[in-house]
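Trainee: Have a look at the structure that comes next, please.
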Amino acid sequence: MPKNKVPWFAVRQDLSGRRQSLLALLSFALPIGLWCLVSYVPSIWHPDVRLHISAEREGSSTVYTPGNHLGKDHFQRFVQTIREQNLEIQRYWRGEQEVTEPPRMVRRSNQRVLRQIGRFAVANGWLERDERQDDEKLFEIWRGLAEGELRGREQRLTEENLEILRANWAWLEEMETFSAAALPAIPLQQLLPQGRPANPVFLPNPHDVVLSWWDLFSEEPTGEGKTLRERLGYSLRIVFSGFLLSCLIGLPLGVLCGTYNLFSRLFEPFVDFFRYMPAPVFSTLLVAIFGAHDAPKIALIFVGTFFQMVLVIAKTTRLLDRSLLEAAQTLGAKNRHLVLKVIVPGVMPNVYNDLRILLGWAWTWLVIAELIGVKAGLTEFIETQGRWRNFDLVFPVIITIGLIGFATDQLLAFLRRFLFPWEPKGYRLSLNWLTEGHRKE
Amino acid sequence: MPITLPSYREQAPEVKERFDRLKQRPVKMEVRGLYKVFGSTDGPVTALQGIDFTLHRREFLSVIGPSGCGKSTLIRILAGLEIPTSGEVSVDGQVVRGPGADCGMVFQSYTLFPWLTVKQNVMFGLKIAGNSSNKAEAEAREWVSLVGLERFENSYPNQLSGGMKQRAAIARALANRPKVLLMDEPFGALDAQTRANMQSYLLEIWRNVDVSIVFITHDLDEAIYLADRILVLKANPGEVEELIEVPVPRPRATSQFLEPPFLATRKRLEALIHPPEKSLKQRLKISRMTEVGDDVE
Ligand SMILES: Nc1ncnc2c1ncn2[C@@H]1O[C@H](COP(=O)(O)OP(=O)(O)OP(=O)(O)O)[C@@H](O)[C@H]1O
Ligand SMILES: [Mg+2]
């Protein structure tokens with residue numbers, strides 16, 4: 001069968017199902033690809049340096065630890081400072097200058113030099129996370145590095161640092177095994193700060209986000225603090241409680257307003273006025289009325305969606321073709337039957353769409369709802385972690401919220417076909433992006 | 001050879017006898033002194049003025065008239081969907097005060113309930129009238145097959161063609177056993193072929209059902225082919241021009257279209273509906289949009 005393909009640019013014509021699905025996938029692949037590109041190609045952007053090894057600057061109160069991000073320029077100056085400090089130290093070594101500090105102090109700072117490679121060793125898998133300050137093991141790692149037995153896979157020492165390390169080792173190796181008291185009483189050179197180009201903390205790498213997503217959501221309850229799954233459950237409960245409550249009152253009221261002029265004139269003007277007061281302005285009031293826990297949160301989502309809902313549903317109801325009502329009347333339908341057998345089923349498909357949009361609103365209000373009274377749920381987590389600049393933890397949660405919203409909406413779009421089999425094709429608010437294209441008439 | 005047509009008033013004996021019998025039958029619907037005035041921005045518009053007529057049992061009445069003469073307004077008043085400014089409509093002696101099951105209606109636009117299948121649509125009125133589901137379903141089946149839609153009884157309206165939709169709508173209206181069936185240009189949106197089929201269908205159905213029909217159309221042939229009597233309205237304001245008794249004998253067939261009684265009636269209707277041909281000078285001036293060569297004419 002010869003195929004007449006629709007050209008890629010055809011005004012208001014559908015492309016083939018395969019192409020549509022391909023494009024739908026691409027619409028996700030493009031931003032993700034861009035993110036990967038920015039994250040993994042060091043020549044693109046990467047304005048920061050993420051420290052593997054840090055050092056101490058004399059007379060500076062700001063302390064950097066491995067994992068911190070520094071601007072590139074700042075990092076260069078940092079390295080230069082330490083180099084200059086090391087030159088000073090070499091003067092002690094050459095005997096050009098007397099050590100004035102008491103040996104106890106010198107030994108303590110030398111111990112800190114020894115520990116400079118703590119995180120670095122952990123990253124390379126030579127140490128467990130809690131052994132970072134285990135000097136005896138660190139000492140053995142220094143030996144390994146100095147004698148060339150350890151090289152490092154994840155992170156490596158620069159040549160310059162290796163030289164510094166070997167020079168230090170010449171002083172240290174006399175000890176045989178580590179003992180704090182046997183540390184040299186002459187200052188050792190500090191390793192220079194080292195790191196790899198990185199993007200600012202607010203843009204973590206994709207794989208870090210995926211890994212922390214996995215960590216966060218596979219976390220088992222421990223009793224102290226809430227796991228993310230518990231938080232997610234909580235947030236879902238708040239959203240859906242608020243939304244269902246809205247539906248419970250808003251749907252019937254909306255349909256009544258759309259049906260009877262009496263209800264329309266009695267309720268809609270006030271509702272119309274009320275909806276212009278954004279829900280968050282009621283937060284303190286709601287806390288005062290409902291206490292600090294779940295109730296005001298649910299109430300806020302209710303306030304945020306209810307008033308919109310009444311108006312939207314009333315409007316949708318009024319849009320129902322009058323002639324259907326007239327036809328029903330000539331078939332003997334009166335008040336109750338008209339409402340229950342014509343208006344309700346007639347507006348259902350459109351109301352369903354309205355509710356999908358309003359559910360999106362409910363998620364928006366959730367973010368504010370969870371911050372009023374006692375903070376809780378996913379938003380509290382985002383807020384705290386964001387404040388600590390743990391964006392690799394914030395991202396997974398944000399994305400999860402997006403995914404849940406998207407999945408719910410796609411599910412509802414998918415169910416539509418079964419709920420309203422009479423609806424003509426192509427009469428949809430939003431498509432079921434990933435599956436729709438393949439359906440052929 | 002010029003053909004001389006008989007007058008449309010001349011009735012063959014069997015036709016005359018038929019009309020005598022028809023007028024003996026009880027009156028189903030009586031319309032007295034109907035006025036309808038719409039308020040509009042440029043003053044009141046009189047849509048209907050002094051309409052009177054009676055509809056007998058099992059009578060088929062067509063209403064024709066130029067566009068905008070108030071046909072739809074009239075039928076909506078008959079159905080109780082619109083309140084007349086003055087005058088009244090009664091069905092079986094009962095004044096119509098609002099829409100109800102007595103007057104079934106088939107609209108020009110498709111008004112099947114899109115969320116119900118054809119069968120469920122037909123069951124709608126039956127169930128509202130309090131029939132049990134089983135009884136309603138059995139009756140609906142009969143009606144659906146009467147209009148020839150058995151194969152589509154479980155289809156939704158949007159899966160049907162225009163003609164099928166109107167047949168389903170007729171079944172839905174008739175299933176309710178209305179005293180009067182009101183039809184507002186029900187075949188207006190159909191193509192000529194389907195329309196012709198639908199007309200035959202309607203006559204066939206009507207022969208088997210005890211119902212009086214008011215049928216609005218602007219198609220003269222359709223009006224003559226279907227009706228016992230034709231109510232001709234004129235526009236501005238909508239008034240009864242004439243009530244014509246169609247001299248074409250029943251049962252009707254499309255072959256009658258060319259017979260003298262039919263042609264005579266048609267000629268009369270033409271004269272009533274279409275004003276005398278305007279002189280050439282008065283014709284609308286249409287600027288020539290294309291170069292039309294002489295050889296085309
Ligand atoms: N709701 C209304 N308000 C104001 N004027 C109306 C209204 N409905 C009808 N009219 C007027 O009444 C007149 C008759 O309208 P109607 O629809 O009954 O005509 P019609 O004979 O059915 O025309 P058509 O053959 O085009 O369907 C028109 O002049 C129209 O403008
Ligand atoms: Mg009309």
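Residues in the structure tokens are named by chain (A, B, ... in the order shown) and by number from 1 within that chain; ligands are numbered from 1 in the order shown.
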Give me, as CSV, the closest atom pair and its distance (Å, one decimal) for every residue of chain B within a cut-off of 7 Å of ligand 1, counting only C-alpha atoms and all ligand atoms, rows sorted by chain and rising number.

Mentor:
```
residue,atom,partner,partner_atom_place_in_ligand_line,distance
B:Phe38,CA,ligand 1,4 (C),4.8
B:Gly39,CA,ligand 1,4 (C),6.1
B:Ser40,CA,ligand 1,4 (C),5.6
B:Val45,CA,ligand 1,5 (N),6.5
B:Ala47,CA,ligand 1,12 (O),4.5
B:Gly65,CA,ligand 1,21 (O),6.6
B:Pro66,CA,ligand 1,25 (O),6.1
B:Ser67,CA,ligand 1,25 (O),3.5
B:Gly68,CA,ligand 1,19 (O),3.4
B:Cys69,CA,ligand 1,21 (O),4.1
B:Gly70,CA,ligand 1,18 (O),3.1
B:Lys71,CA,ligand 1,21 (O),3.7
B:Ser72,CA,ligand 1,22 (O),3.6
B:Thr73,CA,ligand 1,18 (O),3.7
B:Leu74,CA,ligand 1,18 (O),6.4
B:His218,CA,ligand 1,25 (O),6.6
```

Trainee: Write to file, as a CSV table (one decimal), in the first residue's frame, the residues of the selection just made, with all heavy atoms.

Mentor:
```csv
chain,number,residue,atom,x,y,z
B,38,PHE,N,-41.9,39.6,19.5
B,38,PHE,CA,-40.6,39.6,20.2
B,38,PHE,C,-40.1,41.0,20.4
B,38,PHE,O,-40.2,41.8,19.5
B,38,PHE,CB,-39.5,38.9,19.3
B,38,PHE,CG,-39.7,37.4,19.2
B,38,PHE,CD1,-40.1,36.8,18.0
B,38,PHE,CD2,-39.4,36.6,20.3
B,38,PHE,CE1,-40.2,35.4,18.0
B,38,PHE,CE2,-39.6,35.2,20.3
B,38,PHE,CZ,-39.9,34.6,19.1
B,39,GLY,N,-39.6,41.2,21.6
B,39,GLY,CA,-38.9,42.5,21.8
B,39,GLY,C,-37.5,42.4,21.3
B,39,GLY,O,-36.8,41.5,21.6
B,40,SER,N,-37.2,43.4,20.5
B,40,SER,CA,-35.8,43.4,20.1
B,40,SER,C,-35.2,44.8,20.2
B,40,SER,O,-36.0,45.7,20.6
B,40,SER,CB,-35.7,43.0,18.6
B,40,SER,OG,-36.1,44.0,17.7
B,45,VAL,N,-40.9,43.1,17.3
B,45,VAL,CA,-41.0,42.4,16.0
B,45,VAL,C,-42.2,41.5,16.2
B,45,VAL,O,-42.2,40.6,17.0
B,45,VAL,CB,-39.8,41.6,15.7
B,45,VAL,CG1,-40.0,40.8,14.4
B,45,VAL,CG2,-38.6,42.5,15.6
B,47,ALA,N,-43.8,38.4,15.1
B,47,ALA,CA,-43.4,37.2,14.4
B,47,ALA,C,-44.6,36.4,13.9
B,47,ALA,O,-44.6,35.9,12.8
B,47,ALA,CB,-42.5,36.3,15.3
B,65,GLY,N,-43.5,28.4,4.2
B,65,GLY,CA,-43.5,29.9,4.2
B,65,GLY,C,-42.0,30.3,4.0
B,65,GLY,O,-41.1,29.5,4.2
B,66,PRO,N,-41.8,31.5,3.6
B,66,PRO,CA,-40.5,32.0,3.3
B,66,PRO,C,-39.7,32.0,4.6
B,66,PRO,O,-40.3,32.0,5.7
B,66,PRO,CB,-40.7,33.4,2.8
B,66,PRO,CG,-42.1,33.8,3.2
B,66,PRO,CD,-42.9,32.6,3.3
B,67,SER,N,-38.4,32.1,4.5
B,67,SER,CA,-37.5,32.1,5.6
B,67,SER,C,-37.8,33.3,6.5
B,67,SER,O,-38.0,34.4,6.0
B,67,SER,CB,-36.1,32.1,5.2
B,67,SER,OG,-35.2,32.1,6.3
B,68,GLY,N,-37.9,33.1,7.8
B,68,GLY,CA,-38.1,34.2,8.8
B,68,GLY,C,-39.6,34.5,8.9
B,68,GLY,O,-39.9,35.5,9.6
B,69,CYS,N,-40.5,33.7,8.4
B,69,CYS,CA,-41.9,34.1,8.5
B,69,CYS,C,-42.5,33.6,9.9
B,69,CYS,O,-43.6,33.9,10.2
B,69,CYS,CB,-42.7,33.5,7.4
B,69,CYS,SG,-42.8,31.7,7.4
B,70,GLY,N,-41.7,32.9,10.6
B,70,GLY,CA,-42.2,32.5,11.9
B,70,GLY,C,-42.6,31.0,12.1
B,70,GLY,O,-43.3,30.7,13.0
B,71,LYS,N,-42.1,30.2,11.2
B,71,LYS,CA,-42.5,28.8,11.2
B,71,LYS,C,-42.0,28.1,12.5
B,71,LYS,O,-42.7,27.4,13.2
B,71,LYS,CB,-41.9,28.0,10.0
B,71,LYS,CG,-42.4,28.6,8.7
B,71,LYS,CD,-41.9,27.8,7.5
B,71,LYS,CE,-40.4,27.7,7.3
B,71,LYS,NZ,-39.8,29.0,6.9
B,72,SER,N,-40.7,28.4,12.8
B,72,SER,CA,-40.1,27.8,14.0
B,72,SER,C,-40.8,28.3,15.2
B,72,SER,O,-41.1,27.6,16.2
B,72,SER,CB,-38.6,28.0,14.0
B,72,SER,OG,-38.0,27.4,12.9
B,73,THR,N,-41.1,29.6,15.2
B,73,THR,CA,-41.7,30.2,16.3
B,73,THR,C,-43.1,29.5,16.6
B,73,THR,O,-43.4,29.2,17.7
B,73,THR,CB,-41.9,31.7,16.1
B,73,THR,OG1,-40.7,32.3,15.7
B,73,THR,CG2,-42.5,32.4,17.3
B,74,LEU,N,-43.8,29.3,15.5
B,74,LEU,CA,-45.1,28.7,15.6
B,74,LEU,C,-45.0,27.3,16.2
B,74,LEU,O,-45.7,27.0,17.2
B,74,LEU,CB,-45.7,28.6,14.2
B,74,LEU,CG,-47.0,27.8,14.1
B,74,LEU,CD1,-48.1,28.4,14.9
B,74,LEU,CD2,-47.5,27.6,12.6
B,218,HIS,N,-39.5,24.0,4.0
B,218,HIS,CA,-39.6,25.1,3.0
B,218,HIS,C,-39.5,24.5,1.6
B,218,HIS,O,-39.3,25.2,0.6
B,218,HIS,CB,-38.5,26.2,3.2
B,218,HIS,CG,-37.1,25.6,3.2
B,218,HIS,ND1,-36.3,25.5,4.3
B,218,HIS,CD2,-36.4,25.1,2.2
B,218,HIS,CE1,-35.2,24.9,4.0
B,218,HIS,NE2,-35.2,24.7,2.7
```

Trainee: Please, which residues of chain B lie no more than 9 Å from chain A when the count uses only C-alpha atoms, and can they be set out as a VMD selection string?

Mentor: chain B and resid 79 to 81 98 to 107 109 to 117 124 to 126 128 to 129 155 to 159 172 to 173 176 178

Trainee: Using C-alpha atoms, can you export the residues from the last selection as a compact mmCIF listing (two decimals), in the first residue's frame?

Mentor:
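Dumped to part.txt:
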```txt
# COMPACT_ATOMS: atom_id res chain seq x y z
CA ALA B 79 -44.84 22.43 21.61
CA GLY B 80 -45.17 24.69 24.61
CA LEU B 81 -41.51 25.71 24.40
CA GLY B 98 -45.69 24.15 28.74
CA PRO B 99 -43.73 21.43 27.03
CA GLY B 100 -44.83 17.89 27.75
CA ALA B 101 -45.15 14.38 26.45
CA ASP B 102 -48.38 15.16 24.55
CA CYS B 103 -46.50 16.95 21.80
CA GLY B 104 -43.46 15.11 20.56
CA MET B 105 -40.95 17.12 18.62
CA VAL B 106 -38.27 16.43 16.06
CA PHE B 107 -35.88 19.33 15.63
CA SER B 109 -30.70 20.24 14.55
CA TYR B 110 -29.79 16.84 15.84
CA THR B 111 -30.95 16.56 19.40
CA LEU B 112 -30.35 12.93 20.27
CA PHE B 113 -28.71 12.65 23.67
CA PRO B 114 -25.10 12.00 22.77
CA TRP B 115 -24.42 10.00 25.93
CA LEU B 116 -27.15 7.46 25.21
CA THR B 117 -27.18 4.78 22.55
CA PHE B 124 -35.75 7.95 27.48
CA GLY B 125 -39.36 9.10 27.34
CA LEU B 126 -40.72 5.66 28.11
CA ILE B 128 -39.72 8.95 32.39
CA ALA B 129 -43.34 7.97 31.85
CA SER B 155 -24.46 2.82 18.57
CA TYR B 156 -23.97 6.30 19.94
CA PRO B 157 -25.49 9.16 17.93
CA ASN B 158 -22.14 10.48 16.78
CA GLN B 159 -21.57 7.19 14.99
CA ARG B 172 -37.70 8.57 20.08
CA ALA B 173 -40.58 10.99 19.64
CA ASN B 176 -43.66 8.26 23.63
CA PRO B 178 -47.54 11.72 21.56
```

Trainee: Can you pull out the residues contacting Phe139 (chain A)? Cut-off 10 Å, using only C-alpha atoms, and skip same-chain residues under 2 positions away; I want them as number ranges by chain.

Mentor: A: 111, 114-115, 134-137, 141-145, 169, 172-173, 175-179

Trainee: Go ahead and save the picked residues with N, CA and C atoms, as a compact mmCIF listing (two decimals), in the first residue's frame.

Mentor:
```txt
# COMPACT_ATOMS: atom_id res chain seq x y z
N GLN A 111 48.71 17.16 62.19
CA GLN A 111 47.69 16.13 62.16
C GLN A 111 46.56 16.53 61.20
N LEU A 114 47.56 15.77 57.77
CA LEU A 114 47.36 14.34 57.53
C LEU A 114 45.91 14.06 57.15
N ARG A 115 45.02 14.76 57.81
CA ARG A 115 43.58 14.51 57.60
C ARG A 115 43.03 15.20 56.35
N ASP A 134 40.41 8.65 61.16
CA ASP A 134 41.20 7.56 61.72
C ASP A 134 42.65 7.73 61.27
N ASP A 135 43.45 8.34 62.14
CA ASP A 135 44.80 8.75 61.72
C ASP A 135 45.68 7.59 61.34
N GLU A 136 45.49 6.45 62.02
CA GLU A 136 46.37 5.33 61.69
C GLU A 136 46.15 4.88 60.26
N LYS A 137 44.89 4.78 59.88
CA LYS A 137 44.61 4.36 58.50
C LYS A 137 45.05 5.44 57.51
N ILE A 141 47.54 5.33 54.25
CA ILE A 141 47.19 5.79 52.90
C ILE A 141 48.24 6.77 52.38
N TRP A 142 48.71 7.61 53.28
CA TRP A 142 49.81 8.52 52.88
C TRP A 142 50.99 7.70 52.38
N ARG A 143 51.28 6.66 53.12
CA ARG A 143 52.40 5.81 52.71
C ARG A 143 52.15 5.27 51.29
N GLY A 144 50.94 4.75 51.12
CA GLY A 144 50.59 4.17 49.82
C GLY A 144 50.71 5.18 48.70
N LEU A 145 50.25 6.38 48.95
CA LEU A 145 50.29 7.42 47.93
C LEU A 145 51.74 7.82 47.64
N TRP A 169 56.10 13.29 53.26
CA TRP A 169 56.29 11.89 53.69
C TRP A 169 57.72 11.67 54.17
N LEU A 172 57.46 12.24 57.57
CA LEU A 172 56.53 11.38 58.31
C LEU A 172 57.02 9.94 58.43
N GLU A 173 57.75 9.47 57.39
CA GLU A 173 57.96 8.03 57.32
C GLU A 173 58.83 7.51 58.45
N MET A 175 58.20 7.70 61.33
CA MET A 175 57.34 7.22 62.42
C MET A 175 57.06 5.73 62.37
N GLU A 176 57.18 5.11 61.23
CA GLU A 176 56.80 3.70 61.04
C GLU A 176 55.29 3.51 61.17
N THR A 177 54.76 3.66 62.38
CA THR A 177 53.31 3.66 62.52
C THR A 177 52.90 4.98 63.14
N PHE A 178 51.62 5.30 62.97
CA PHE A 178 51.19 6.61 63.42
C PHE A 178 51.15 6.72 64.93
N SER A 179 51.66 7.79 65.41
CA SER A 179 51.39 8.16 66.81
C SER A 179 51.44 9.67 66.89
```

Trainee: From region 2-138 of chain A, collect each residue whose DSSP state is strand (DSSP E) and return the set as a list in words.

Mentor: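 Across region 2-138 of chain A, those assigned strand (DSSP E) are Asp48, Val49, Arg50, Leu51, His52, Ile53, His69, Leu70 and Gly71 of chain A.
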
Trainee: Would you mind exporting N, CA, C and O atoms of the selected residues as a CSV table (one decimal), in the first residue's frame?

Mentor:
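Contents of selection_39.csv, freshly written:
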```csv
chain,number,residue,atom,x,y,z
A,48,ASP,N,32.1,26.8,38.5
A,48,ASP,CA,32.5,26.6,39.9
A,48,ASP,C,33.6,25.5,39.9
A,48,ASP,O,33.8,24.8,39.0
A,49,VAL,N,34.2,25.4,41.1
A,49,VAL,CA,35.1,24.2,41.4
A,49,VAL,C,34.5,23.6,42.6
A,49,VAL,O,34.2,24.2,43.6
A,50,ARG,N,34.3,22.3,42.5
A,50,ARG,CA,33.8,21.5,43.7
A,50,ARG,C,35.1,20.9,44.3
A,50,ARG,O,35.8,20.1,43.7
A,51,LEU,N,35.3,21.2,45.6
A,51,LEU,CA,36.5,20.8,46.3
A,51,LEU,C,36.6,19.3,46.6
A,51,LEU,O,35.6,18.7,47.1
A,52,HIS,N,37.7,18.7,46.3
A,52,HIS,CA,38.0,17.3,46.8
A,52,HIS,C,38.8,17.5,48.1
A,52,HIS,O,38.6,16.8,49.0
A,53,ILE,N,39.8,18.4,48.0
A,53,ILE,CA,40.7,18.5,49.0
A,53,ILE,C,40.7,20.0,49.4
A,53,ILE,O,40.8,20.9,48.5
A,69,HIS,N,31.4,24.4,46.9
A,69,HIS,CA,31.7,25.0,45.6
A,69,HIS,C,32.3,26.4,45.7
A,69,HIS,O,31.9,27.2,46.6
A,70,LEU,N,33.3,26.6,44.9
A,70,LEU,CA,34.0,27.9,44.9
A,70,LEU,C,34.0,28.4,43.4
A,70,LEU,O,34.1,27.6,42.5
A,71,GLY,N,33.8,29.7,43.3
A,71,GLY,CA,34.0,30.3,41.9
A,71,GLY,C,35.4,30.0,41.4
A,71,GLY,O,36.3,29.9,42.2
```

Trainee: With DSSP run on the backbone, what are the helix (DSSP H, G or I) residues within region 101-240 of chain B? I'd like them as a ChimeraX atom specification.

Mentor: /B:118-128,133-146,150-152,157-159,162-175,192-208,220-226

Trainee: Please measure the separation of CA of Arg119 (chain A) and CA of Val99 (chain A), giving the value in Å to one decimal.

Mentor: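 CA of Val99 (chain A) lies at a distance of 29.7 Å from CA of Arg119 (chain A).
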
Trainee: For a quick check of understanding, using only C-alpha atoms, which of B:Leu22, B:Leu203, B:Met123, B:Ala175 has the smallest distance to Leu55 (chain B)?

Mentor: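 Closest residue, counting only C-alpha atoms: B:Leu22.
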
Trainee: Do you know which residues are at most 7 Å from Pro187 (chain A) counting only C-alpha atoms, after dropping those on the same chain fewer than 3 positions away, and could you put them as a list in words?

Mentor: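 Contacts, in chain order: Ile89, Val106 and Asn110 of chain A.
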
Trainee: If we count only C-alpha atoms, what is near region 379-385 of chain A at a cut-off of 7 Å, once residues fewer than 6 positions away on the same chain are taken out, given as a PyMOL selection string?

Mentor: chain A and resi 367+370-371+391+393-394

Trainee: Please produce an output containing all heavy atoms for each residue in the selection, written as a PDB file, in the first residue's frame.

Mentor:
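This went into selection_30.pdb:
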```
ATOM      1  N   VAL A 367       1.541  23.661  48.079  1.00  0.00           N
ATOM      2  CA  VAL A 367       2.857  24.163  48.438  1.00  0.00           C
ATOM      3  C   VAL A 367       2.744  25.241  49.509  1.00  0.00           C
ATOM      4  O   VAL A 367       3.554  25.317  50.429  1.00  0.00           O
ATOM      5  CB  VAL A 367       3.560  24.714  47.187  1.00  0.00           C
ATOM      6  CG1 VAL A 367       4.878  25.346  47.548  1.00  0.00           C
ATOM      7  CG2 VAL A 367       3.745  23.597  46.185  1.00  0.00           C
ATOM      8  N   GLU A 370       1.209  23.594  52.958  1.00  0.00           N
ATOM      9  CA  GLU A 370       2.098  22.829  53.827  1.00  0.00           C
ATOM     10  C   GLU A 370       3.042  23.707  54.627  1.00  0.00           C
ATOM     11  O   GLU A 370       3.703  23.252  55.551  1.00  0.00           O
ATOM     12  CB  GLU A 370       2.896  21.821  53.003  1.00  0.00           C
ATOM     13  CG  GLU A 370       2.011  20.679  52.577  1.00  0.00           C
ATOM     14  CD  GLU A 370       2.785  19.555  51.894  1.00  0.00           C
ATOM     15  OE1 GLU A 370       3.848  19.823  51.317  1.00  0.00           O
ATOM     16  OE2 GLU A 370       2.314  18.423  51.960  1.00  0.00           O
ATOM     17  N   LEU A 371       3.105  24.974  54.276  1.00  0.00           N
ATOM     18  CA  LEU A 371       3.993  25.870  55.020  1.00  0.00           C
ATOM     19  C   LEU A 371       3.250  26.654  56.095  1.00  0.00           C
ATOM     20  O   LEU A 371       3.859  27.399  56.844  1.00  0.00           O
ATOM     21  CB  LEU A 371       4.676  26.849  54.054  1.00  0.00           C
ATOM     22  CG  LEU A 371       5.655  26.197  53.083  1.00  0.00           C
ATOM     23  CD1 LEU A 371       6.281  27.244  52.175  1.00  0.00           C
ATOM     24  CD2 LEU A 371       6.732  25.425  53.824  1.00  0.00           C
ATOM     25  N   PHE A 391      20.645  20.832  47.080  1.00  0.00           N
ATOM     26  CA  PHE A 391      19.713  20.819  45.949  1.00  0.00           C
ATOM     27  C   PHE A 391      19.611  19.454  45.293  1.00  0.00           C
ATOM     28  O   PHE A 391      18.639  19.164  44.615  1.00  0.00           O
ATOM     29  CB  PHE A 391      20.093  21.897  44.941  1.00  0.00           C
ATOM     30  CG  PHE A 391      19.857  23.266  45.483  1.00  0.00           C
ATOM     31  CD1 PHE A 391      20.898  24.047  45.925  1.00  0.00           C
ATOM     32  CD2 PHE A 391      18.555  23.745  45.595  1.00  0.00           C
ATOM     33  CE1 PHE A 391      20.672  25.308  46.455  1.00  0.00           C
ATOM     34  CE2 PHE A 391      18.328  25.006  46.116  1.00  0.00           C
ATOM     35  CZ  PHE A 391      19.388  25.784  46.561  1.00  0.00           C
ATOM     36  N   LEU A 393      18.991  16.983  46.844  1.00  0.00           N
ATOM     37  CA  LEU A 393      17.858  16.342  47.519  1.00  0.00           C
ATOM     38  C   LEU A 393      16.542  17.021  47.154  1.00  0.00           C
ATOM     39  O   LEU A 393      15.482  16.410  47.171  1.00  0.00           O
ATOM     40  CB  LEU A 393      18.028  16.400  49.050  1.00  0.00           C
ATOM     41  CG  LEU A 393      19.241  15.661  49.596  1.00  0.00           C
ATOM     42  CD1 LEU A 393      19.276  15.770  51.113  1.00  0.00           C
ATOM     43  CD2 LEU A 393      19.199  14.210  49.178  1.00  0.00           C
ATOM     44  N   VAL A 394      16.640  18.300  46.830  1.00  0.00           N
ATOM     45  CA  VAL A 394      15.422  19.053  46.511  1.00  0.00           C
ATOM     46  C   VAL A 394      14.871  18.632  45.145  1.00  0.00           C
ATOM     47  O   VAL A 394      13.683  18.411  44.987  1.00  0.00           O
ATOM     48  CB  VAL A 394      15.729  20.564  46.517  1.00  0.00           C
ATOM     49  CG1 VAL A 394      14.577  21.349  45.937  1.00  0.00           C
ATOM     50  CG2 VAL A 394      16.032  21.018  47.940  1.00  0.00           C
TER      51      VAL A 394
END
```

Trainee: So that I can see what lies close to region 271-288 of chain A, please list as a tab-separated table (two decimals) with C-alpha atoms, in the first residue's frame the residues with an atom at most 8 Å from it, counting only C-alpha atoms and leaving out residues fewer than 2 positions away in the same chain.

Mentor:
```tsv
chain	number	residue	atom	x	y	z
A	267	PHE	CA	-24.44	32.51	44.90
A	268	GLU	CA	-22.37	33.47	41.91
A	269	PRO	CA	-21.87	37.19	42.57
A	290	PHE	CA	-8.57	25.23	62.54
A	291	GLY	CA	-5.40	24.86	64.61
A	292	ALA	CA	-1.94	24.27	63.29
A	296	PRO	CA	-6.03	24.48	57.98
A	299	ALA	CA	-9.08	24.23	54.30
A	300	LEU	CA	-6.61	26.29	52.29
A	301	ILE	CA	-6.82	23.92	49.34
A	303	VAL	CA	-10.63	27.80	49.62
A	304	GLY	CA	-8.25	27.82	46.68
A	307	PHE	CA	-14.76	29.18	44.43
A	308	GLN	CA	-13.15	28.63	41.07
A	310	VAL	CA	-18.40	26.73	41.38
A	311	LEU	CA	-17.91	29.32	38.67
A	365	TRP	CA	-2.05	25.53	46.76
A	368	ILE	CA	1.51	27.06	50.42
A	369	ALA	CA	-0.77	24.95	52.56
A	372	ILE	CA	1.21	27.23	57.20
A	373	GLY	CA	0.86	26.25	60.83
```

Trainee: Could you pull the residues within 12 Å of region 196-199 of chain A, counting only C-alpha atoms, minus those fewer than 3 positions along the same chain, as JSON, numbers by chain?

Mentor: {"A": [35, 36, 37, 38, 39, 40, 41, 42, 43, 44, 45, 46, 47, 48, 49, 50, 51, 52, 53, 66, 67, 68, 69, 70, 71, 72, 73, 75, 154, 155, 156, 157, 158, 193, 202, 203, 204, 205, 206, 391]}
